[in-house]
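What's in run.pdb: PDB, C-alpha atoms
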```pdb
ATOM      1  CA  MET A   1      -4.750 -33.646 -37.015
ATOM      2  CA  PRO A   2      -1.997 -31.109 -37.774
ATOM      3  CA  ALA A   3      -1.812 -28.087 -35.482
ATOM      4  CA  VAL A   4      -3.270 -24.877 -36.831
ATOM      5  CA  SER A   5      -0.560 -22.229 -37.002
ATOM      6  CA  ARG A   6      -1.156 -18.880 -35.392
ATOM      7  CA  PRO A   7      -1.550 -16.014 -37.908
ATOM      8  CA  THR A   8       1.391 -13.635 -38.096
ATOM      9  CA  SER A   9       1.792  -9.991 -39.045
ATOM     10  CA  LYS A  10       3.126 -11.243 -42.404
ATOM     11  CA  ASP A  11      -0.192 -13.018 -42.990
ATOM     12  CA  VAL A  12      -2.073  -9.815 -42.159
ATOM     13  CA  ALA A  13       0.118  -7.838 -44.557
ATOM     14  CA  GLN A  14      -0.563 -10.311 -47.393
ATOM     15  CA  GLU A  15      -4.301 -10.320 -46.623
ATOM     16  CA  ALA A  16      -4.455  -6.505 -46.618
ATOM     17  CA  GLY A  17      -2.048  -6.052 -49.545
ATOM     18  CA  VAL A  18       0.350  -3.856 -47.541
ATOM     19  CA  SER A  19       3.827  -4.139 -46.032
ATOM     20  CA  GLN A  20       4.541  -5.616 -42.595
ATOM     21  CA  SER A  21       5.776  -2.215 -41.442
ATOM     22  CA  THR A  22       2.359  -0.759 -42.279
ATOM     23  CA  VAL A  23       0.692  -3.512 -40.227
ATOM     24  CA  SER A  24       2.995  -2.669 -37.300
ATOM     25  CA  LEU A  25       2.169   1.018 -37.549
ATOM     26  CA  VAL A  26      -1.579   0.453 -37.653
ATOM     27  CA  LEU A  27      -1.841  -2.216 -34.973
ATOM     28  CA  GLY A  28       0.655  -0.317 -32.797
ATOM     29  CA  GLY A  29      -1.540   2.783 -32.942
ATOM     30  CA  LYS A  30       1.149   4.882 -34.653
ATOM     31  CA  TRP A  31      -0.342   5.202 -38.123
ATOM     32  CA  SER A  32      -1.849   8.701 -37.871
ATOM     33  CA  GLY A  33      -0.222  11.001 -40.426
ATOM     34  CA  ARG A  34       1.724   8.102 -41.945
ATOM     35  CA  VAL A  35      -1.013   5.812 -43.261
ATOM     36  CA  SER A  36      -4.369   6.774 -44.736
ATOM     37  CA  PRO A  37      -7.505   6.083 -42.667
ATOM     38  CA  ALA A  38      -8.764   3.758 -45.404
ATOM     39  CA  THR A  39      -5.566   1.686 -45.259
ATOM     40  CA  ALA A  40      -5.741   1.563 -41.463
ATOM     41  CA  ARG A  41      -9.315   0.263 -41.640
ATOM     42  CA  ASN A  42      -8.240  -2.320 -44.232
ATOM     43  CA  VAL A  43      -5.410  -3.586 -42.003
ATOM     44  CA  ARG A  44      -7.621  -3.841 -38.913
ATOM     45  CA  SER A  45     -10.280  -5.649 -40.924
ATOM     46  CA  ALA A  46      -7.705  -8.130 -42.240
ATOM     47  CA  ALA A  47      -6.377  -8.760 -38.735
ATOM     48  CA  GLU A  48      -9.906  -9.385 -37.469
ATOM     49  CA  ARG A  49     -10.721 -11.815 -40.308
ATOM     50  CA  LEU A  50      -7.571 -13.815 -39.620
ATOM     51  CA  GLY A  51      -7.968 -13.686 -35.824
ATOM     52  CA  TYR A  52      -4.547 -12.076 -35.473
ATOM     53  CA  ARG A  53      -3.421 -10.875 -32.041
ATOM     54  CA  PRO A  54      -0.113  -9.017 -31.590
ATOM     55  CA  ASN A  55       2.503 -10.790 -29.499
ATOM     56  CA  GLN A  56       2.623  -8.425 -26.501
ATOM     57  CA  ALA A  57       5.773  -9.971 -25.060
ATOM     58  CA  ALA A  58       7.680  -9.503 -28.313
ATOM     59  CA  ARG A  59       6.354  -5.953 -28.630
ATOM     60  CA  ASN A  60       7.539  -5.143 -25.134
ATOM     61  CA  LEU A  61      10.994  -6.473 -25.900
ATOM     62  CA  ARG A  62      11.201  -4.245 -28.988
ATOM     63  CA  LEU A  63      10.149  -1.260 -26.905
ATOM     64  CA  GLY A  64      12.657  -2.103 -24.152
ATOM     65  CA  THR A  65       9.911  -2.438 -21.529
ATOM     66  CA  THR A  66       8.173  -5.289 -19.726
ATOM     67  CA  ARG A  67       5.184  -3.180 -18.616
ATOM     68  CA  THR A  68       5.580  -4.825 -15.217
ATOM     69  CA  VAL A  69       5.704  -3.083 -11.841
ATOM     70  CA  LEU A  70       7.048  -4.703  -8.689
ATOM     71  CA  LEU A  71       5.115  -4.038  -5.480
ATOM     72  CA  MET A  72       7.296  -4.756  -2.460
ATOM     73  CA  VAL A  73       5.656  -5.213   0.950
ATOM     74  CA  PRO A  74       6.987  -6.411   4.321
ATOM     75  CA  THR A  75       4.569  -9.357   4.546
ATOM     76  CA  LEU A  76       1.650 -10.994   2.785
ATOM     77  CA  SER A  77       0.012 -12.114   6.036
ATOM     78  CA  ALA A  78      -1.112  -8.643   7.163
ATOM     79  CA  PRO A  79      -4.607  -7.815   5.850
ATOM     80  CA  PHE A  80      -3.561  -4.228   5.144
ATOM     81  CA  PHE A  81      -1.493  -5.006   2.041
ATOM     82  CA  GLY A  82      -4.200  -6.786   0.030
ATOM     83  CA  PRO A  83      -6.100  -3.546  -0.668
ATOM     84  CA  VAL A  84      -2.808  -1.769  -1.467
ATOM     85  CA  TYR A  85      -2.242  -4.309  -4.240
ATOM     86  CA  THR A  86      -5.853  -4.041  -5.429
ATOM     87  CA  GLY A  87      -5.583  -0.265  -5.843
ATOM     88  CA  ALA A  88      -2.229  -0.453  -7.622
ATOM     89  CA  ALA A  89      -3.356  -3.236  -9.972
ATOM     90  CA  ARG A  90      -6.581  -1.400 -10.855
ATOM     91  CA  VAL A  91      -4.720   1.694 -12.061
ATOM     92  CA  ALA A  92      -1.950  -0.355 -13.687
ATOM     93  CA  ALA A  93      -4.426  -2.423 -15.732
ATOM     94  CA  ARG A  94      -5.980   0.717 -17.190
ATOM     95  CA  HIS A  95      -2.571   1.594 -18.640
ATOM     96  CA  GLY A  96      -1.556  -1.875 -19.824
ATOM     97  CA  PHE A  97       0.738  -2.688 -16.899
ATOM     98  CA  GLY A  98       0.824  -5.731 -14.662
ATOM     99  CA  VAL A  99       1.777  -5.804 -10.968
ATOM    100  CA  VAL A 100       3.725  -8.557  -9.249
ATOM    101  CA  VAL A 101       4.209  -8.720  -5.482
ATOM    102  CA  SER A 102       7.287  -9.624  -3.483
ATOM    103  CA  THR A 103       7.895  -9.515   0.251
ATOM    104  CA  TRP A 104      10.676  -7.681   2.002
ATOM    105  CA  PRO A 105      10.610  -8.605   5.709
ATOM    106  CA  ASP A 106      10.878  -5.583   7.992
ATOM    107  CA  ASP A 107      13.504  -7.336  10.122
ATOM    108  CA  ALA A 108      15.837  -8.142   7.230
ATOM    109  CA  ALA A 109      19.194  -6.418   6.911
ATOM    110  CA  GLY A 110      20.560  -4.666   3.867
ATOM    111  CA  PRO A 111      18.941  -3.657   0.589
ATOM    112  CA  ALA A 112      16.176  -5.629  -1.062
ATOM    113  CA  ASP A 113      16.934  -7.971  -3.959
ATOM    114  CA  SER A 114      14.836  -8.210  -7.104
ATOM    115  CA  PRO A 115      12.835 -11.468  -7.158
ATOM    116  CA  PHE A 116      13.633 -11.627 -10.902
ATOM    117  CA  GLY A 117      17.382 -11.677 -10.351
ATOM    118  CA  SER A 118      17.691  -8.388 -12.235
ATOM    119  CA  ASP A 119      15.951  -5.056 -11.985
ATOM    120  CA  GLU A 120      15.943  -4.964 -15.801
ATOM    121  CA  ALA A 121      12.929  -7.306 -15.716
ATOM    122  CA  ILE A 122      10.705  -4.557 -14.292
ATOM    123  CA  ASP A 123       9.793  -1.038 -15.312
ATOM    124  CA  GLY A 124       9.265   0.390 -11.824
ATOM    125  CA  VAL A 125       8.958  -0.325  -8.126
ATOM    126  CA  LEU A 126       6.292   0.501  -5.553
ATOM    127  CA  ALA A 127       7.752  -0.054  -2.090
ATOM    128  CA  SER A 128       5.326  -0.033   0.823
ATOM    129  CA  SER A 129       6.350   0.487   4.449
ATOM    130  CA  MET A 130      10.079   0.309   3.755
ATOM    131  CA  ALA A 131      13.050   2.579   4.198
ATOM    132  CA  ALA A 132      14.278   4.298   1.033
ATOM    133  CA  GLY A 133      17.705   2.728   1.594
ATOM    134  CA  ALA A 134      16.209  -0.713   0.993
ATOM    135  CA  LEU A 135      15.905   0.187  -2.699
ATOM    136  CA  ALA A 136      19.655   0.393  -3.249
ATOM    137  CA  GLU A 137      19.526  -2.757  -5.391
ATOM    138  CA  PHE A 138      17.085  -0.990  -7.715
ATOM    139  CA  ARG A 139      19.158   2.143  -8.195
ATOM    140  CA  GLY A 140      18.228   3.675 -11.531
ATOM    141  CA  THR A 141      14.818   1.975 -11.621
ATOM    142  CA  PRO A 142      11.871   4.400 -11.247
ATOM    143  CA  ALA A 143      10.403   3.948  -7.766
ATOM    144  CA  VAL A 144       7.722   5.374  -5.499
ATOM    145  CA  MET A 145       7.640   4.855  -1.716
ATOM    146  CA  LEU A 146       4.295   4.165  -0.024
ATOM    147  CA  ASP A 147       3.611   4.779   3.678
ATOM    148  CA  SER A 148       7.350   5.114   4.207
ATOM    149  CA  GLY A 149       7.637   8.780   5.183
ATOM    150  CA  PRO A 150       9.029  11.845   3.422
ATOM    151  CA  ASP A 151      12.325  11.222   1.657
ATOM    152  CA  ASP A 152      14.680  13.677   3.372
ATOM    153  CA  ARG A 153      17.848  12.403   1.725
ATOM    154  CA  PRO A 154      19.903  14.941  -0.215
ATOM    155  CA  GLY A 155      20.000  14.676  -3.970
ATOM    156  CA  ASP A 156      17.494  12.831  -6.120
ATOM    157  CA  ARG A 157      14.589  12.101  -3.792
ATOM    158  CA  VAL A 158      12.179   9.218  -4.332
ATOM    159  CA  PRO A 159       8.535  10.312  -4.808
ATOM    160  CA  THR A 160       6.336   9.436  -1.829
ATOM    161  CA  VAL A 161       2.683   8.743  -1.061
ATOM    162  CA  ASP A 162       2.002   8.628   2.674
ATOM    163  CA  PHE A 163      -0.850   8.467   5.135
ATOM    164  CA  GLY A 164      -1.474  11.302   7.567
ATOM    165  CA  VAL A 165      -0.753   8.956  10.469
ATOM    166  CA  ALA A 166       0.278  11.708  12.885
ATOM    167  CA  ASP A 167      -3.050  13.472  12.378
ATOM    168  CA  GLY A 168      -4.809  10.148  12.873
ATOM    169  CA  MET A 169      -3.073   9.562  16.193
ATOM    170  CA  ARG A 170      -3.853  13.094  17.308
ATOM    171  CA  ALA A 171      -7.511  12.458  16.461
ATOM    172  CA  ILE A 172      -7.511   9.347  18.670
ATOM    173  CA  ALA A 173      -5.866  11.207  21.560
ATOM    174  CA  GLY A 174      -8.351  14.065  21.189
ATOM    175  CA  HIS A 175     -11.312  11.696  21.167
ATOM    176  CA  LEU A 176     -10.126   9.943  24.333
ATOM    177  CA  ALA A 177      -9.329  13.253  26.023
ATOM    178  CA  GLU A 178     -12.839  14.538  25.298
ATOM    179  CA  LEU A 179     -14.198  11.419  26.998
ATOM    180  CA  GLY A 180     -12.138  12.346  30.075
ATOM    181  CA  HIS A 181      -9.134  10.014  29.794
ATOM    182  CA  ARG A 182      -5.790  11.196  31.123
ATOM    183  CA  ARG A 183      -3.910   7.914  31.704
ATOM    184  CA  PHE A 184      -2.942   6.460  28.347
ATOM    185  CA  GLY A 185      -1.172   3.192  27.595
ATOM    186  CA  HIS A 186       0.466   2.861  24.175
ATOM    187  CA  VAL A 187       0.674  -0.717  22.873
ATOM    188  CA  ALA A 188       3.293   0.088  20.249
ATOM    189  CA  ALA A 189       4.485  -1.981  17.300
ATOM    190  CA  ALA A 190       8.138  -2.950  17.768
ATOM    191  CA  VAL A 191       8.839  -2.332  14.084
ATOM    192  CA  ASP A 192      11.451   0.141  12.866
ATOM    193  CA  GLN A 193       9.292   1.915  10.301
ATOM    194  CA  TRP A 194       8.474   5.563   9.773
ATOM    195  CA  THR A 195       4.747   5.040  10.212
ATOM    196  CA  PHE A 196       5.117   3.671  13.750
ATOM    197  CA  HIS A 197       7.676   6.280  14.772
ATOM    198  CA  ALA A 198       5.291   9.013  13.572
ATOM    199  CA  ARG A 199       2.390   7.512  15.540
ATOM    200  CA  ALA A 200       4.447   7.279  18.732
ATOM    201  CA  GLU A 201       5.715  10.858  18.463
ATOM    202  CA  ALA A 202       2.252  12.283  17.766
ATOM    203  CA  LEU A 203       0.672  10.415  20.675
ATOM    204  CA  ALA A 204       3.407  11.429  23.103
ATOM    205  CA  ALA A 205       3.077  15.093  22.113
ATOM    206  CA  ALA A 206      -0.724  15.001  22.402
ATOM    207  CA  VAL A 207      -0.691  13.433  25.875
ATOM    208  CA  ALA A 208       2.050  15.814  27.048
ATOM    209  CA  GLY A 209      -0.245  18.680  26.120
ATOM    210  CA  LEU A 210      -3.052  17.431  28.389
ATOM    211  CA  PRO A 211      -3.205  18.685  31.982
ATOM    212  CA  GLY A 212      -2.413  15.643  34.098
ATOM    213  CA  GLY A 213      -1.733  13.517  31.025
ATOM    214  CA  VAL A 214       0.301  10.342  31.635
ATOM    215  CA  LEU A 215       1.618   7.991  28.950
ATOM    216  CA  THR A 216       3.149   4.566  29.427
ATOM    217  CA  ARG A 217       4.310   2.357  26.575
ATOM    218  CA  ALA A 218       4.942  -1.329  25.924
ATOM    219  CA  ARG A 219       6.231  -2.671  22.615
ATOM    220  CA  CYS A 220       5.176  -5.831  20.848
ATOM    221  CA  ALA A 221       5.208  -7.689  17.559
ATOM    222  CA  ILE A 222       2.168  -7.221  15.350
ATOM    223  CA  ASP A 223       0.425 -10.383  16.481
ATOM    224  CA  VAL A 224      -2.280 -11.134  19.021
ATOM    225  CA  THR A 225      -0.179 -13.062  21.536
ATOM    226  CA  SER A 226       2.651 -10.532  21.729
ATOM    227  CA  ALA A 227       0.126  -7.679  21.943
ATOM    228  CA  ARG A 228      -1.792  -9.434  24.712
ATOM    229  CA  ASP A 229       1.395  -9.771  26.779
ATOM    230  CA  ALA A 230       2.392  -6.130  26.193
ATOM    231  CA  ALA A 231      -1.081  -4.873  27.124
ATOM    232  CA  ALA A 232      -1.050  -7.021  30.260
ATOM    233  CA  ARG A 233       2.217  -5.416  31.363
ATOM    234  CA  LEU A 234       0.642  -1.983  31.082
ATOM    235  CA  LEU A 235      -2.567  -3.006  32.845
ATOM    236  CA  THR A 236      -0.773  -4.591  35.794
ATOM    237  CA  GLY A 237       1.772  -1.817  36.242
ATOM    238  CA  PRO A 238       1.521   1.285  38.406
ATOM    239  CA  ALA A 239      -1.052   3.921  37.428
ATOM    240  CA  ARG A 240      -3.090   1.529  35.288
ATOM    241  CA  PRO A 241      -4.160   3.243  32.053
ATOM    242  CA  THR A 242      -7.835   3.912  31.486
ATOM    243  CA  ALA A 243      -7.288   3.749  27.722
ATOM    244  CA  LEU A 244      -5.023   1.592  25.566
ATOM    245  CA  VAL A 245      -3.984   3.130  22.252
ATOM    246  CA  CYS A 246      -2.876   0.376  19.855
ATOM    247  CA  ASP A 247      -0.752   0.871  16.743
ATOM    248  CA  ASP A 248      -2.736  -1.673  14.741
ATOM    249  CA  ASP A 249      -6.149  -3.357  14.830
ATOM    250  CA  LEU A 250      -4.523  -6.772  15.315
ATOM    251  CA  ILE A 251      -2.662  -5.375  18.323
ATOM    252  CA  ALA A 252      -6.006  -4.118  19.653
ATOM    253  CA  ALA A 253      -7.343  -7.683  19.488
ATOM    254  CA  GLY A 254      -4.505  -8.716  21.810
ATOM    255  CA  ALA A 255      -5.393  -5.834  24.137
ATOM    256  CA  TYR A 256      -8.983  -7.140  24.325
ATOM    257  CA  LYS A 257      -7.673 -10.552  25.387
ATOM    258  CA  ALA A 258      -5.456  -9.019  28.082
ATOM    259  CA  ALA A 259      -8.337  -6.949  29.451
ATOM    260  CA  ARG A 260     -10.693  -9.904  29.665
ATOM    261  CA  ALA A 261      -8.039 -12.103  31.290
ATOM    262  CA  LEU A 262      -7.796  -9.451  34.011
ATOM    263  CA  GLY A 263     -11.577  -9.210  34.428
ATOM    264  CA  LEU A 264     -11.780  -5.754  32.800
ATOM    265  CA  ASP A 265     -14.735  -4.844  30.628
ATOM    266  CA  VAL A 266     -14.227  -2.992  27.328
ATOM    267  CA  PRO A 267     -15.227  -0.154  27.354
ATOM    268  CA  ALA A 268     -16.705   0.184  30.868
ATOM    269  CA  ASP A 269     -13.361  -0.423  32.622
ATOM    270  CA  LEU A 270     -10.972   0.191  29.747
ATOM    271  CA  SER A 271     -11.187   1.977  26.407
ATOM    272  CA  VAL A 272      -9.247   0.466  23.500
ATOM    273  CA  THR A 273      -8.428   1.982  20.108
ATOM    274  CA  GLY A 274      -6.794   0.568  16.987
ATOM    275  CA  PHE A 275      -5.344   1.838  13.732
ATOM    276  CA  ASP A 276      -5.967   0.924  10.031
ATOM    277  CA  ASP A 277      -9.649  -0.184  10.155
ATOM    278  CA  VAL A 278      -9.186  -3.595   8.558
ATOM    279  CA  LEU A 279     -12.104  -6.094   8.584
ATOM    280  CA  LEU A 280     -11.076  -7.312  12.031
ATOM    281  CA  ALA A 281     -12.150  -3.987  13.542
ATOM    282  CA  THR A 282     -15.840  -4.811  13.105
ATOM    283  CA  ALA A 283     -15.377  -8.499  13.923
ATOM    284  CA  LEU A 284     -14.253  -7.649  17.456
ATOM    285  CA  GLU A 285     -16.843  -7.309  20.190
ATOM    286  CA  PRO A 286     -17.360  -4.513  20.994
ATOM    287  CA  GLU A 287     -16.535  -3.109  17.567
ATOM    288  CA  LEU A 288     -13.287  -1.168  17.572
ATOM    289  CA  THR A 289     -12.768   2.577  17.529
ATOM    290  CA  THR A 290      -9.916   3.070  15.073
ATOM    291  CA  VAL A 291      -8.449   5.234  12.323
ATOM    292  CA  ARG A 292      -9.416   4.236   8.803
ATOM    293  CA  LEU A 293      -6.497   4.384   6.392
ATOM    294  CA  PRO A 294      -7.450   4.251   2.689
ATOM    295  CA  ALA A 295      -5.140   1.354   1.779
ATOM    296  CA  GLU A 296      -6.616   0.782  -1.688
ATOM    297  CA  GLU A 297      -6.284   4.477  -2.473
ATOM    298  CA  LEU A 298      -2.638   4.326  -1.331
ATOM    299  CA  GLY A 299      -1.947   1.686  -3.979
ATOM    300  CA  ALA A 300      -3.890   3.607  -6.624
ATOM    301  CA  GLN A 301      -2.182   6.929  -5.883
ATOM    302  CA  GLY A 302       1.206   5.223  -5.739
ATOM    303  CA  MET A 303       0.707   3.640  -9.146
ATOM    304  CA  THR A 304      -0.501   6.965 -10.569
ATOM    305  CA  ALA A 305       2.649   8.652  -9.269
ATOM    306  CA  LEU A 306       4.826   5.888 -10.734
ATOM    307  CA  LEU A 307       3.157   6.215 -14.135
ATOM    308  CA  ASP A 308       3.811   9.968 -13.975
ATOM    309  CA  LEU A 309       7.453   9.218 -13.194
ATOM    310  CA  LEU A 310       7.702   6.775 -16.125
ATOM    311  CA  ALA A 311       6.251   9.476 -18.370
ATOM    312  CA  GLY A 312       9.125  11.793 -17.434
ATOM    313  CA  HIS A 313       7.315  13.923 -14.843
ATOM    314  CA  ARG A 314       8.294  14.521 -11.231
ATOM    315  CA  PRO A 315       5.284  13.769  -9.017
ATOM    316  CA  ALA A 316       4.947  15.859  -5.863
ATOM    317  CA  PRO A 317       4.674  14.144  -2.452
ATOM    318  CA  ARG A 318       1.115  13.110  -1.614
ATOM    319  CA  VAL A 319      -0.459  12.641   1.809
ATOM    320  CA  LEU A 320      -3.744  10.747   2.200
ATOM    321  CA  PRO A 321      -5.737  11.667   5.330
ATOM    322  CA  GLY A 322      -7.059   9.035   7.700
ATOM    323  CA  GLU A 323     -10.515   9.090   9.263
ATOM    324  CA  LEU A 324     -11.360   8.558  12.917
ATOM    325  CA  VAL A 325     -14.108   5.922  13.145
ATOM    326  CA  VAL A 326     -15.746   5.936  16.579
ATOM    327  CA  ARG A 327     -17.361   2.652  17.590
ATOM    328  CA  ASP A 328     -18.193   0.968  20.880
ATOM    329  CA  SER A 329     -14.733   0.242  22.322
ATOM    330  CA  THR A 330     -14.338   3.706  23.845
ATOM    331  CA  ALA A 331     -16.277   5.354  26.680
ATOM    332  CA  PRO A 332     -15.655   7.795  29.568
ATOM    333  CA  PRO A 333     -13.432   6.370  32.329
ATOM    334  CA  ARG A 334     -15.050   5.163  35.541
ATOM    335  CA  GLY A 335     -14.770   7.315  38.618
TER
END
```
Would you kindly transcribe this structure into structure tokens?
Amino acid sequence: MPAVSRPTSKDVAQEAGVSQSTVSLVLGGKWSGRVSPATARNVRSAAERLGYRPNQAARNLRLGTTRTVLLMVPTLSAPFFGPVYTGAARVAARHGFGVVVSTWPDDAAGPADSPFGSDEAIDGVLASSMAAGALAEFRGTPAVMLDSGPDDRPGDRVPTVDFGVADGMRAIAGHLAELGHRRFGHVAAAVDQWTFHARAEALAAAVAGLPGGVLTRARCAIDVTSARDAAARLLTGPARPTALVCDDDLIAAGAYKAARALGLDVPADLSVTGFDDVLLATALEPELTTVRLPAEELGAQGMTALLDLLAGHRPAPRVLPGELVVRDSTAPPRG
């Protein structure tokens, strides 16, 4: 059986008794003021009868756009970045854009490369948890930085959408201080990113402002084993902390393991807090006190800012507040 050919715009033009340029105007939504409403209805009716669908890829090539946005993240293994993608893709779809994801490891050196081999294959970039300098390869491509900190570089700054991580860390310190804690241990992510620097600075300032406040710190990778070892170093050192403040919920899971290996009960002997409020936070026992960061909203707001940029506007910096979520992993210190 011979293959049935796909209807073309020429077929629609013949069916409707108009020119191909008229078909393009009507089906491209640009007919108002140039084609009569009756002709537009006739063209759409002809296209529907023939089952014609415009070739979006060819249309994009004519317009000089791929309607594709690249979302760059440090890793796909962290549960945080899934909701970021979901939020970005939701907003993008409403405007006819697609989102592709590529990783840019946080320990890599130099600028990021386009996974397409050329930045001409994309219309814009959303870069999450990266330094602005990593976008050097995409110079000239519209970009928005997510959770990467204010862009303080001189000249043409990249629009930013950030979390209020410093306020979140201050909320954790305030909560623990109200419970009576004065000896804090910071299980800190050993990752050179703005978000972790901001958390460390806010915590240090908050503890320094407490009468008798003491802060010790151990760094680790964002994985359970490394976090367990870092927490153990703090808990076996001098002036054992009564509270461990963790930069990430996964790090907090490692702190739980260290506490239990040392025979310490959470929260009776040791309070533990996390950051992000991913699903793990309620899977831990006891459930984790943490700061909820609206990851899906970060992606949505980032995509909205990028669409504004593509439309020729200059979006202002945006900061999304976190929310302290108090659960059962924190309690007053003993004694």
Within 8 Å of Val291 (chain A) using all atoms listed in the file, minus same-chain residues under 4 positions, as a PyMOL selection string: chain A and resi 168-169+172+274-277+322-325
Write out as number ranges by chain which residues come within 10 Å of Ala252 (chain A) when counting all atoms listed in the file, dropping same-chain ones fewer than 4 positions away. A: 187, 222-224, 227-228, 231, 244-248, 256-258, 272-275, 280-281, 284, 288-290
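Of note, CA of Leu279 (chain A) and CA of Ala295 (chain A) are spaced 12.3 Å apart.
With CA of Leu234 (chain A) on one side and CA of Pro332 (chain A) on the other, the separation reads 19.1 Å.
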Taking the file above as input, evaluate the PyMOL selection byres ((chain A and resi 301) around 10) and report the hits as a PyMOL selection string. chain A and resi 84+87-88+91+146+160-162+295-300+302-307+318-320
Convert the current residue selection to file output with C-alpha atoms, as a JSON list (two decimals), keeping the file's coordinate frame.
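Result file follows (result_19.json):
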```
[["chain", "number", "residue", "atom", "x", "y", "z"],
["A", 84, "VAL", "CA", -2.81, -1.77, -1.47],
["A", 87, "GLY", "CA", -5.58, -0.26, -5.84],
["A", 88, "ALA", "CA", -2.23, -0.45, -7.62],
["A", 91, "VAL", "CA", -4.72, 1.69, -12.06],
["A", 146, "LEU", "CA", 4.30, 4.16, -0.02],
["A", 160, "THR", "CA", 6.34, 9.44, -1.83],
["A", 161, "VAL", "CA", 2.68, 8.74, -1.06],
["A", 162, "ASP", "CA", 2.00, 8.63, 2.67],
["A", 295, "ALA", "CA", -5.14, 1.35, 1.78],
["A", 296, "GLU", "CA", -6.62, 0.78, -1.69],
["A", 297, "GLU", "CA", -6.28, 4.48, -2.47],
["A", 298, "LEU", "CA", -2.64, 4.33, -1.33],
["A", 299, "GLY", "CA", -1.95, 1.69, -3.98],
["A", 300, "ALA", "CA", -3.89, 3.61, -6.62],
["A", 302, "GLY", "CA", 1.21, 5.22, -5.74],
["A", 303, "MET", "CA", 0.71, 3.64, -9.15],
["A", 304, "THR", "CA", -0.50, 6.96, -10.57],
["A", 305, "ALA", "CA", 2.65, 8.65, -9.27],
["A", 306, "LEU", "CA", 4.83, 5.89, -10.73],
["A", 307, "LEU", "CA", 3.16, 6.22, -14.14],
["A", 318, "ARG", "CA", 1.12, 13.11, -1.61],
["A", 319, "VAL", "CA", -0.46, 12.64, 1.81],
["A", 320, "LEU", "CA", -3.74, 10.75, 2.20]]
```
Applied to this file, what does the PyMOL selection byres ((chain A and resi 17) around 12) return in terms of residues, put as an mmCIF file with C-alpha atoms, in the frame of the given file?
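This is the output file result18.cif:
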```cif
data_model
loop_
_atom_site.group_PDB
_atom_site.id
_atom_site.type_symbol
_atom_site.label_atom_id
_atom_site.label_comp_id
_atom_site.auth_asym_id
_atom_site.auth_seq_id
_atom_site.Cartn_x
_atom_site.Cartn_y
_atom_site.Cartn_z
ATOM 1 C CA SER A 9 1.792 -9.991 -39.045
ATOM 2 C CA LYS A 10 3.126 -11.243 -42.404
ATOM 3 C CA ASP A 11 -0.192 -13.018 -42.990
ATOM 4 C CA VAL A 12 -2.073 -9.815 -42.159
ATOM 5 C CA ALA A 13 0.118 -7.838 -44.557
ATOM 6 C CA GLN A 14 -0.563 -10.311 -47.393
ATOM 7 C CA GLU A 15 -4.301 -10.320 -46.623
ATOM 8 C CA ALA A 16 -4.455 -6.505 -46.618
ATOM 9 C CA VAL A 18 0.350 -3.856 -47.541
ATOM 10 C CA SER A 19 3.827 -4.139 -46.032
ATOM 11 C CA GLN A 20 4.541 -5.616 -42.595
ATOM 12 C CA SER A 21 5.776 -2.215 -41.442
ATOM 13 C CA THR A 22 2.359 -0.759 -42.279
ATOM 14 C CA VAL A 23 0.692 -3.512 -40.227
ATOM 15 C CA THR A 39 -5.566 1.686 -45.259
ATOM 16 C CA ALA A 40 -5.741 1.563 -41.463
ATOM 17 C CA ASN A 42 -8.240 -2.320 -44.232
ATOM 18 C CA VAL A 43 -5.410 -3.586 -42.003
ATOM 19 C CA SER A 45 -10.280 -5.649 -40.924
ATOM 20 C CA ALA A 46 -7.705 -8.130 -42.240
ATOM 21 C CA ALA A 47 -6.377 -8.760 -38.735
#
```
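Across the structure, CA of Leu176 (chain A) and CA of Arg217 (chain A) are spaced 16.5 Å apart.
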Excluding Asp151 (chain A) and residues on its chain fewer than 6 positions from it, collect all residues at most 9 Å away from it, counting all atoms listed in the file, and give them as a PyMOL selection string. chain A and resi 132+145+157-160
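Minimum distance to Thr236 (chain A) across A:Leu262, A:Asp249, A:Gly213, A:Ser36 (counting all atoms listed in the file) occurs at A:Leu262.
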Near-Arg334 (chain A) list (10 Å; only C-alpha atoms; drop same-chain fewer than 2 positions) as a PyMOL selection string: chain A and resi 180-181+242+267-270+331-332
Would you translate the PyMOL selection byres ((chain A and resi 206-210) around 9) into the concrete set of residues it matches in this file, as a ChimeraX atom specification? /A:169-170,173-174,177,182-184,201-205,211-215
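Each of A:Leu135, A:Leu50, A:Ala189, A:Leu27 was compared to Trp104 (chain A) using all atoms listed in the file, and A:Leu135 turns out to be the nearest.
Using all atoms listed in the file, the shortest contact distance between Arg6 (chain A) and any of A:Pro241, A:Thr141, A:Met72, A:Tyr52 is found at A:Tyr52.
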Using only C-alpha atoms, which of A:Gly82, A:Pro238, A:Ala198, A:Ala190 sits nearest Arg219 (chain A)? A:Ala190
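Using all atoms listed in the file for every distance, the candidate list A:Thr75, A:Ser24, A:Thr195, A:Thr225 yields A:Thr75 as the residue closest to Ser102 (chain A).
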The centre and edge lengths of an axis-aligned box containing all atoms of region 220-230 of chain A present in the file, extended by 8 Å on each side, are to be given in Å to one decimal, as AutoDock Vina command-line options.
```
--center_x 1.5 --center_y -9.4 --center_z 21.1 --size_x 23.5 --size_y 23.2 --size_z 27.4
```
